[in-house]
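**Q** I have a structure I would like to understand better, so I am pasting it below and will then ask my questions one at a time.
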Amino acid sequence: MSAPKNRLSIFRRPQWRLHSGLLLVSISWACASYQARPLDLHQILADLNRLEWTDPDPAPSSDDGNSSEDAVEAWQLASFAVRNHPALKVARAQIGVQVSLLEEAGLWPNPEFGWDGMDVLAAEVAGDGADSVDFLSGLGISFPLFRPGERDALSGLAQADLDRSRAQLLEAEWLLSEQVFIACENWLEAKAQVGLNLELTKVAQSTRDYFQTAREVGAATAIQASLAQGDLLVIQTEGIRRESQLRRAGHSLRALMGLPPQVQLPRLQSPKRPGKLADNPEQALEVALEHRPDLAVLRSAYQAAEERVKLEVSQQFPQLSLGTGLAIIPTLLSHWNRPAIRTAEAQRTRLAKVIETRVHNLRREVFDAFFSLQEEVAELEYLEGQVIPNAENSRQMANRAFELGEATLLEILAVQRSWVNLRSQLIESRAELARRHWQLLAASGQLLIPTTSVPKP
């Protein structure tokens, strides 16, 4: 009588155990370990509070080793802002995510290993007994294949998403830069108004002291002294409001730069405007079509929609897998992916309409910014060329008339209030002209700050 057949003898061979061990070691070596990164909100706040102003592009030192100028310009604050504002750090981190997704998109599907026990079960049911051949015949390996054009479409979609993330970062920097430049103008305007108020306070104090002294010697009435005192109080009240505006403007500028509220701002110069703007709104519009970051975001989104259509078209074909056998997954129940294709095409059509709408709004924005700047230029020229000289002449005439006793105190105070209002209006008009200048540059896509490089695949 022959010895019973060893049905599992192949699995006890040294070669099988060696190969199995090597496979397990390779799988374990390739695995990544999980590392937790818990967040501490108090530590996050402490890190934000430690941020201080440092010039990202310091001026070159002079021969004696000292910086030639400690004052900074608006573009330096904007450059600091785009590097340190938390929202832009999020946009840069998103680029890192998209770079990883682009790498994933180009990978081939993992092979599939399996074991089918039907041969073993059939042998046992038939009474023949399963042997090693029955066990081995159940082993299988399958390699899923890309459909025609599918891999290129997946890579193209991931690349379009990466391009969109980069464009979104540029858009965020563009928007933040405009806000910083305008905030600088607001802060400089508020500072000039505070300085004007201090100057007027000294004049009003001098006028008050004059009439109080004159009243003591009988050369002025109590009403005149009271009117001079009231005019001083009005100017001091305005000074409180101007100081509050300066504080708010400083807080707004610090927030845009990512600085904590208690950090002192550097001494700021009046921003130097770029030399030449567009000669007409049509020229500014052409520049905007080439340089606006928000249009670049939409173009990237449209390219992603194109790649999505390609992907859905490629997925109308059956899914094939090759290995120890052949597997086919037909797309019969999904109607050869036609509904998904129509959806992708509809989304692409919608994005085309979104871009058309954005160009329409951009045209209005550029034209409005161009003509608003021209209107402010004309207003400031008239104010400086006609109104201010006339007011200065009236003030000088009123002072001479008062010295000769030909003008009353009420007339003098009225002239002074008019002069104060015009000087304040002049500060506002100059600041508004600067703001509209930056708005036109931003509308045409020219107000961009060079920043550090972003990750590239």
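We name chains A, B, ... following the order of the structure tokens; residues begin at 1 in each chain, and ligands are numbered from 1 as shown.
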If you run DSSP on the backbone, which residues of segment 138-236 of chain A are helix (DSSP H, G or I), as a PyMOL selection string?
**A** chain A and resi 150-216+222-236
**Q** Just the residues within 7 Å of segment 426-433 of chain A, please, counting only C-alpha atoms, with nothing from its chain fewer than 5 positions along; format it as a PyMOL selection string.
**A** chain A and resi 185+189+373+376-377+380
**Q** Could you dump the residues just selected with C-alpha atoms as an mmCIF file, in the first residue's frame?
**A**
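Below is the file that was written, result_10.cif:
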data_model
loop_
_atom_site.group_PDB
_atom_site.id
_atom_site.type_symbol
_atom_site.label_atom_id
_atom_site.label_comp_id
_atom_site.auth_asym_id
_atom_site.auth_seq_id
_atom_site.Cartn_x
_atom_site.Cartn_y
_atom_site.Cartn_z
ATOM 1 C CA GLU A 185 -2.460 105.520 1.784
ATOM 2 C CA GLU A 189 -3.754 110.280 5.139
ATOM 3 C CA LEU A 373 -8.456 108.371 -11.851
ATOM 4 C CA GLU A 376 -9.641 112.767 -9.419
ATOM 5 C CA VAL A 377 -6.672 114.243 -11.308
ATOM 6 C CA LEU A 380 -7.043 117.864 -7.506
#
**Q** Please, what distance in Å, to one decimal, runs between atom CA of Gly114 of chain A and atom CA of Ser33 of chain A?
**A**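 Atom CA of Ser33 of chain A lies at a distance of 25.9 Å from atom CA of Gly114 of chain A.
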**Q** Which residues are close to segment 39-46 of chain A, i.e. within 12 Å by only C-alpha atoms, leaving aside same-chain residues fewer than 2 positions away? Reply as a list in words.
**A** Ala36, Arg37, Leu48, Asn49, Arg50, Leu51, Pro86, Gly258, Leu259 and Pro260 of chain A
**Q** The selected residues should be written to file as a PDB file, in the first residue's frame (atoms: N, CA and C atoms).
**A**
ATOM      1  N   ALA A  36       1.447  61.372  14.519  1.00  0.00           N
ATOM      2  CA  ALA A  36       0.444  62.376  14.880  1.00  0.00           C
ATOM      3  C   ALA A  36       1.087  63.758  15.014  1.00  0.00           C
ATOM      4  N   ARG A  37       0.354  64.783  14.612  1.00  0.00           N
ATOM      5  CA  ARG A  37       0.816  66.176  14.764  1.00  0.00           C
ATOM      6  C   ARG A  37      -0.311  66.984  15.392  1.00  0.00           C
ATOM      7  N   LEU A  48       2.091  83.512  16.414  1.00  0.00           N
ATOM      8  CA  LEU A  48       1.631  84.695  15.680  1.00  0.00           C
ATOM      9  C   LEU A  48       2.072  85.978  16.380  1.00  0.00           C
ATOM     10  N   ASN A  49       2.057  85.964  17.697  1.00  0.00           N
ATOM     11  CA  ASN A  49       2.440  87.167  18.449  1.00  0.00           C
ATOM     12  C   ASN A  49       3.938  87.439  18.405  1.00  0.00           C
ATOM     13  N   ARG A  50       4.737  86.425  18.063  1.00  0.00           N
ATOM     14  CA  ARG A  50       6.185  86.625  18.008  1.00  0.00           C
ATOM     15  C   ARG A  50       6.648  87.267  16.698  1.00  0.00           C
ATOM     16  N   LEU A  51       5.768  87.341  15.722  1.00  0.00           N
ATOM     17  CA  LEU A  51       6.167  87.908  14.435  1.00  0.00           C
ATOM     18  C   LEU A  51       6.454  89.403  14.570  1.00  0.00           C
ATOM     19  N   PRO A  86      -1.133  84.707   7.122  1.00  0.00           N
ATOM     20  CA  PRO A  86      -1.514  83.288   7.249  1.00  0.00           C
ATOM     21  C   PRO A  86      -2.326  82.764   6.070  1.00  0.00           C
ATOM     22  N   GLY A 258      -0.054  90.630   8.673  1.00  0.00           N
ATOM     23  CA  GLY A 258       0.092  89.468   9.534  1.00  0.00           C
ATOM     24  C   GLY A 258       0.763  89.772  10.860  1.00  0.00           C
ATOM     25  N   LEU A 259       0.901  91.053  11.194  1.00  0.00           N
ATOM     26  CA  LEU A 259       1.573  91.451  12.430  1.00  0.00           C
ATOM     27  C   LEU A 259       0.580  91.519  13.587  1.00  0.00           C
ATOM     28  N   PRO A 260       1.042  91.259  14.812  1.00  0.00           N
ATOM     29  CA  PRO A 260       0.167  91.422  15.977  1.00  0.00           C
ATOM     30  C   PRO A 260      -0.130  92.900  16.223  1.00  0.00           C
TER      31      PRO A 260
END
**Q** Please give the complete set of residues from segment 93-332 of chain A that DSSP, run on the backbone, assigns to strand (DSSP E), formatted as a list of chain:residue names.
**A** A:Glu112, A:Phe113, A:Gly114, A:Trp115, A:Leu139, A:Gly140, A:Ile141, A:Ser142, A:Phe143, A:Pro144, A:Gln319, A:Leu320, A:Ser321, A:Leu322, A:Gly323, A:Leu326, A:Ala327, A:Ile328, A:Ile329
**Q** Go through segment 217-319 of chain A and flag each residue having an atom no more than 7 Å from segment 150-155 of chain A; for those, report the closest pair of atoms plus their distance in Å to one decimal, using only C-alpha atoms, ordered by chain and rising number, as CSV.
**A**
residue,atom,partner,partner_atom,distance
A:Glu307,CA,A:Ala153,CA,5.5
A:Lys310,CA,A:Ala153,CA,5.7
A:Leu311,CA,A:Ala153,CA,5.0
A:Ser314,CA,A:Glu150,CA,5.2
A:Gln315,CA,A:Glu150,CA,7.0
**Q** Write the residues of the preceding selection, restricted to C-alpha atoms, as a compact mmCIF listing (two decimals), in the first residue's frame.
**A**
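Wrote result-v2.txt, looks like this:
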# COMPACT_ATOMS: atom_id res chain seq x y z
CA GLU A 307 -9.11 67.35 -18.98
CA LYS A 310 -11.01 63.75 -21.82
CA LEU A 311 -11.06 61.53 -18.73
CA SER A 314 -11.56 57.57 -21.96
CA GLN A 315 -13.70 55.83 -19.35
**Q** Leaving out Arg358 of chain A and any residue of its chain fewer than 6 positions from it, which residues lie within 10 Å of it when counting only C-alpha atoms, given as a PyMOL selection string?
**A** chain A and resi 294-295+298+352+364
**Q** Residues of the last selection are to be written out with N, CA and C atoms, as an mmCIF file, in the first residue's frame.
**A**
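The resulting file, selection18.cif, is reproduced below:
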data_model
loop_
_atom_site.group_PDB
_atom_site.id
_atom_site.type_symbol
_atom_site.label_atom_id
_atom_site.label_comp_id
_atom_site.auth_asym_id
_atom_site.auth_seq_id
_atom_site.Cartn_x
_atom_site.Cartn_y
_atom_site.Cartn_z
ATOM 1 N N ASP A 294 -6.845 86.654 -11.529
ATOM 2 C CA ASP A 294 -8.140 85.996 -11.425
ATOM 3 C C ASP A 294 -8.552 85.360 -12.749
ATOM 4 N N LEU A 295 -8.148 85.974 -13.864
ATOM 5 C CA LEU A 295 -8.398 85.341 -15.159
ATOM 6 C C LEU A 295 -7.546 84.078 -15.322
ATOM 7 N N LEU A 298 -9.346 81.264 -13.649
ATOM 8 C CA LEU A 298 -10.452 80.744 -14.452
ATOM 9 C C LEU A 298 -9.952 79.958 -15.658
ATOM 10 N N ALA A 352 -16.953 78.266 -19.494
ATOM 11 C CA ALA A 352 -16.743 79.213 -20.588
ATOM 12 C C ALA A 352 -17.616 80.449 -20.397
ATOM 13 N N ARG A 364 -15.710 96.568 -17.410
ATOM 14 C CA ARG A 364 -16.327 97.676 -16.672
ATOM 15 C C ARG A 364 -15.415 98.157 -15.546
#
**Q** Restricting the calculation to only C-alpha atoms, which member of A:Gly117, A:Pro389, A:Pro148, A:Pro56 is positioned closest to Leu320 of chain A?
**A**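 Checking each candidate against Leu320 of chain A, we get A:Pro148 as the closest.
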**Q** I want to know what sits within 9 Å of Glu365 of chain A, based on only C-alpha atoms, with residues of the same chain fewer than 5 positions away left out; could you give that as a ChimeraX atom specification?
**A** /A:360,370,440,443
**Q** Need the shell around Ser142 of chain A: protein/DNA/RNA residues with any atom at most 8 Å away, counting only C-alpha atoms. Skip same-chain ones fewer than 2 positions apart. Format as an MDAnalysis selection string?
**A** chainID A and resid 111:113 140 144 321:326
